[in-house]
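Asks: Structure file start31.txt, compact mmCIF, C-alpha atoms, is pasted below:
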```txt
# COMPACT_ATOMS: atom_id res chain seq x y z
CA MET A 1 -10.10 -16.84 -5.02
CA ASN A 2 -6.63 -17.76 -3.79
CA LYS A 3 -5.33 -16.17 -0.64
CA ILE A 4 -2.62 -13.62 -1.39
CA TYR A 5 0.34 -13.29 0.95
CA ARG A 6 3.16 -10.80 1.20
CA ILE A 7 6.47 -11.24 3.01
CA VAL A 8 8.18 -8.10 4.30
CA GLU A 9 11.36 -8.30 6.39
CA GLY A 10 10.54 -11.85 7.46
CA HIS A 11 6.94 -11.04 8.47
CA VAL A 12 4.07 -12.69 6.61
CA PHE A 13 0.89 -10.76 5.79
CA ILE A 14 -2.37 -11.83 4.15
CA LEU A 15 -4.52 -9.57 2.00
CA SER A 16 -7.73 -8.98 3.94
CA GLY A 17 -10.95 -7.13 3.32
CA LYS A 18 -12.38 -5.81 0.09
CA CYS A 19 -11.63 -2.69 -1.94
CA LEU A 20 -14.56 -0.27 -1.71
CA PRO A 21 -13.35 2.88 -3.51
CA THR A 22 -16.59 4.77 -2.90
CA HIS A 23 -16.19 4.14 0.84
CA CYS A 24 -12.71 5.72 1.13
CA ASN A 25 -13.08 8.25 -1.72
CA SER A 26 -10.42 6.37 -3.74
CA TRP A 27 -7.67 7.40 -1.31
CA CYS A 28 -4.94 5.10 -2.66
CA CYS A 29 -5.75 6.27 -6.20
CA ARG A 30 -5.13 9.89 -5.21
CA PHE A 31 -1.90 9.53 -3.22
CA SER A 32 1.43 7.71 -3.40
CA GLN A 33 3.77 7.06 -0.51
CA MET A 34 7.46 6.54 -0.18
CA LYS A 35 10.04 6.32 2.56
CA VAL A 36 13.26 8.33 2.51
CA LYS A 37 16.15 7.36 4.79
CA ASN A 38 18.06 10.20 6.44
CA ILE A 39 16.13 12.92 4.61
CA THR A 40 18.01 16.18 4.22
CA GLN A 41 16.54 19.63 4.83
CA ASP A 42 16.87 20.33 1.10
CA GLU A 43 14.87 17.19 0.25
CA ARG A 44 12.30 18.07 2.90
CA GLU A 45 11.81 21.52 1.30
CA TYR A 46 11.59 19.98 -2.17
CA PHE A 47 8.80 17.61 -1.14
CA THR A 48 6.97 20.32 0.79
CA HIS A 49 7.09 22.67 -2.23
CA HIS A 50 5.52 19.89 -4.30
CA GLY A 51 2.53 19.58 -1.95
CA CYS A 52 3.77 16.53 -0.06
CA GLU A 53 3.17 15.83 3.61
CA ILE A 54 6.05 14.40 5.64
CA LYS A 55 6.00 12.42 8.89
CA ASP A 56 9.19 11.32 10.58
CA GLN A 57 9.79 7.94 12.22
CA SER A 58 13.33 7.33 13.49
CA ASN A 59 15.69 7.86 10.54
CA LEU A 60 12.86 7.41 8.01
CA ALA A 61 10.73 10.15 6.56
CA HIS A 62 7.35 8.97 5.29
CA VAL A 63 6.34 11.13 2.32
CA LEU A 64 2.72 11.38 1.13
CA MET A 65 2.52 12.68 -2.43
CA PRO A 66 -0.68 13.89 -4.10
CA THR A 67 -0.62 11.86 -7.35
CA PRO A 68 -4.16 11.30 -8.64
CA CYS A 69 -4.57 8.43 -11.06
CA THR A 70 -5.46 9.49 -14.60
CA LYS A 71 -8.23 6.86 -14.60
CA LEU A 72 -10.26 8.51 -11.82
CA GLY A 73 -13.60 9.89 -12.97
CA ALA A 74 -15.34 13.06 -11.85
CA GLU A 75 -17.00 11.28 -8.91
CA MET A 76 -13.68 9.73 -7.77
CA GLU A 77 -14.65 6.38 -9.26
CA CYS A 78 -12.21 4.19 -11.15
CA THR A 79 -13.14 4.27 -14.83
CA VAL A 80 -11.26 1.00 -15.47
CA TYR A 81 -12.21 -0.79 -12.22
CA GLU A 82 -13.08 -4.15 -13.81
CA THR A 83 -9.89 -4.21 -15.90
CA ARG A 84 -7.53 -2.32 -13.56
CA PRO A 85 -3.94 -3.59 -13.22
CA GLN A 86 -3.12 -6.33 -10.72
CA ILE A 87 -1.05 -3.90 -8.63
CA CYS A 88 -4.21 -1.85 -8.06
CA ARG A 89 -6.14 -4.95 -7.00
CA LYS A 90 -3.45 -5.92 -4.48
CA TYR A 91 -2.56 -2.44 -3.23
CA ALA A 92 -3.47 -2.29 0.43
CA ARG A 93 -2.16 -0.55 3.50
CA MET A 94 0.39 -2.13 5.79
CA PRO A 95 0.00 -1.90 9.57
CA THR A 96 3.22 0.12 9.76
CA GLU A 97 2.15 2.88 7.36
CA LEU A 98 1.75 6.32 8.86
CA PHE A 99 -0.53 7.59 6.09
CA PHE A 100 -3.78 5.82 5.20
CA SER A 101 -7.48 6.43 4.92
CA PRO A 102 -9.26 5.36 8.12
CA GLU A 103 -12.14 4.27 5.87
CA CYS A 104 -9.95 1.87 3.88
CA THR A 105 -11.33 -1.68 4.03
CA LEU A 106 -8.46 -3.48 2.26
CA PHE A 107 -5.33 -4.09 4.28
CA TRP A 108 -2.43 -6.49 4.93
CA LYS A 109 -2.96 -8.42 8.17
CA GLU A 110 0.03 -10.17 9.76
CA VAL A 111 -0.22 -13.94 10.15
CA THR A 112 1.94 -16.21 12.27
CA GLY A 113 2.38 -19.90 13.07
CA ARG A 114 1.64 -22.64 10.60
CA GLU A 115 0.00 -20.33 8.07
CA ALA A 116 3.14 -18.14 7.96
CA GLN A 117 5.40 -21.20 7.64
CA ILE A 118 3.39 -22.50 4.68
CA ALA A 119 3.52 -19.08 2.98
CA ARG A 120 7.31 -18.93 3.43
CA MET A 121 7.68 -22.42 1.92
CA LYS A 122 5.49 -21.44 -1.05
CA ALA A 123 7.59 -18.28 -1.54
CA LYS A 124 10.74 -20.40 -1.77
CA LYS A 125 9.07 -22.47 -4.50
CA GLY A 126 8.12 -19.33 -6.46
CA ASP A 127 4.38 -19.45 -5.82
CA PRO A 128 2.80 -16.40 -7.57
CA THR A 129 0.31 -15.89 -4.72
CA ILE A 130 3.23 -14.90 -2.46
CA LEU A 131 4.50 -11.37 -3.03
CA VAL A 132 8.05 -10.80 -1.83
```
Could you render the structure from this file as structure tokens?
Replies:
Amino acid sequence: MNKIYRIVEGHVFILSGKCLPTHCNSWCCRFSQMKVKNITQDEREYFTHHGCEIKDQSNLAHVLMPTPCTKLGAEMECTVYETRPQICRKYARMPTELFFSPECTLFWKEVTGREAQIARMKAKKGDPTILV
């Protein structure tokens, strides 16, 4: 399998580990996250009323939304695991995320040096294994 890289704000990350949904109770399939710059009190109340959890970091509010996938079975297993979309296969936590399952075994690990340089060059050439 090809290595998959992601470039975020000039930093290069490699997809590491393996997705074990039974290990983390399908955490990423039950929640979505977003960041809101300069969140207002009205927005904060809106998200809270919708069951969201909010953590602040500088001028960013990290919002955790309970949004269970419709393909989760009764035992929190993915009913389409073998044919799930590519985004599900590549979804992994970033080191900067404030919300994540501590049992998650799939994550983006930052790489530097030659490996990062090669990934940046591949990204410029449109390599599909580099997510930008």
Asks: When you draw a straight line from CA of Ser101 in chain A to CA of Asn25 in chain A, how long is it in Å?
Replies: 8.9 Å
Asks: Considering all atoms listed in the file, return as a PyMOL selection string whatever protein or nucleic-acid residues lie within 9 Å of Lys3 in chain A, sequence-local ones (same chain, fewer than 5 positions apart) excluded.
Replies: chain A and resi 14-16+129-130
Asks: Taking all atoms listed in the file into account, name the residue in A:Phe31, A:Phe107, A:Tyr5, A:Tyr46 that is nearest to Cys19 in chain A.
Replies: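 Closest to Cys19 in chain A, using all atoms listed in the file: A:Phe107.
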Asks: Which residues are near range 32-35 of chain A? Cut-off 8 Å, only C-alpha atoms, ignore same chain within fewer than 3 positions. Put them as a PyMOL selection string.
Replies: chain A and resi 28-29+60-67+99
Asks: Go ahead and save the picked residues with C-alpha atoms, as a PDB file, in the frame of the given file.
Replies:
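Written output follows (again-v3.pdb):
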```pdb
ATOM      1  CA  CYS A  28      -4.940   5.100  -2.660  1.00  0.00           C
ATOM      2  CA  CYS A  29      -5.750   6.270  -6.200  1.00  0.00           C
ATOM      3  CA  LEU A  60      12.860   7.410   8.010  1.00  0.00           C
ATOM      4  CA  ALA A  61      10.730  10.150   6.560  1.00  0.00           C
ATOM      5  CA  HIS A  62       7.350   8.970   5.290  1.00  0.00           C
ATOM      6  CA  VAL A  63       6.340  11.130   2.320  1.00  0.00           C
ATOM      7  CA  LEU A  64       2.720  11.380   1.130  1.00  0.00           C
ATOM      8  CA  MET A  65       2.520  12.680  -2.430  1.00  0.00           C
ATOM      9  CA  PRO A  66      -0.680  13.890  -4.100  1.00  0.00           C
ATOM     10  CA  THR A  67      -0.620  11.860  -7.350  1.00  0.00           C
ATOM     11  CA  PHE A  99      -0.530   7.590   6.090  1.00  0.00           C
TER      12      PHE A  99
END
```
Asks: Rank A:Ile7, A:Val80, A:Pro68, A:Thr48 by their smallest atom-to-atom distance to Lys124 in chain A, using all atoms listed in the file, and report the top residue only.
Replies: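 Among the listed residues, A:Ile7 lies closest to Lys124 in chain A.
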Asks: Quick one: pull the distance between CA of Pro21 in chain A and CA of Thr83 in chain A, Å, one decimal.
Replies: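 Separating CA of Pro21 in chain A from CA of Thr83 in chain A is a distance of 14.7 Å.
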Asks: Go through A:His23, A:Val12, A:Phe47, A:Arg84 and flag the residue nearest Cys69 in chain A, using only C-alpha atoms for the distances.
Replies: A:Arg84
Asks: Is there a way to get, as a PyMOL selection string, all residues within 10 Å of the point (-9.6, -5.6, 2.8) in file coordinates, counting all atoms listed in the file?
Replies: chain A and resi 14-20+90-93+104-109
Asks: Please dump the current selection as a CSV table (one decimal), in the frame of the given file; keep C-alpha atoms.
Replies:
```
chain,number,residue,atom,x,y,z
A,14,ILE,CA,-2.4,-11.8,4.2
A,15,LEU,CA,-4.5,-9.6,2.0
A,16,SER,CA,-7.7,-9.0,3.9
A,17,GLY,CA,-11.0,-7.1,3.3
A,18,LYS,CA,-12.4,-5.8,0.1
A,19,CYS,CA,-11.6,-2.7,-1.9
A,20,LEU,CA,-14.6,-0.3,-1.7
A,90,LYS,CA,-3.4,-5.9,-4.5
A,91,TYR,CA,-2.6,-2.4,-3.2
A,92,ALA,CA,-3.5,-2.3,0.4
A,93,ARG,CA,-2.2,-0.6,3.5
A,104,CYS,CA,-10.0,1.9,3.9
A,105,THR,CA,-11.3,-1.7,4.0
A,106,LEU,CA,-8.5,-3.5,2.3
A,107,PHE,CA,-5.3,-4.1,4.3
A,108,TRP,CA,-2.4,-6.5,4.9
A,109,LYS,CA,-3.0,-8.4,8.2
```
Asks: Of the residues A:Leu131, A:Val36, A:Met76, A:Ile118, which is the one nearest to Cys24 in chain A, using only C-alpha atoms?
Replies: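 Closest to Cys24 in chain A, using only C-alpha atoms: A:Met76.
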Asks: I'd like the box whose edges run along x, y and z of the file and which contains every listed atom of range 41-49 of chain A, padded by 8 Å per side; could you state its centre and edge lengths in Å, one decimal, as lines of an AutoDock Vina configuration file?
Replies:
```
center_x = 11.9
center_y = 19.9
center_z = 1.3
size_x = 25.9
size_y = 21.5
size_z = 23.1
```
Asks: Tell me, in Å to one decimal, how far CA of Thr70 in chain A is from CA of Thr22 in chain A.
Replies: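 Separating CA of Thr70 in chain A from CA of Thr22 in chain A is a distance of 16.8 Å.
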Asks: Considering all atoms listed in the file, can you say which of A:Trp27, A:Thr96, A:Arg44, A:Arg6 comes closest to Pro128 in chain A?
Replies: A:Arg6
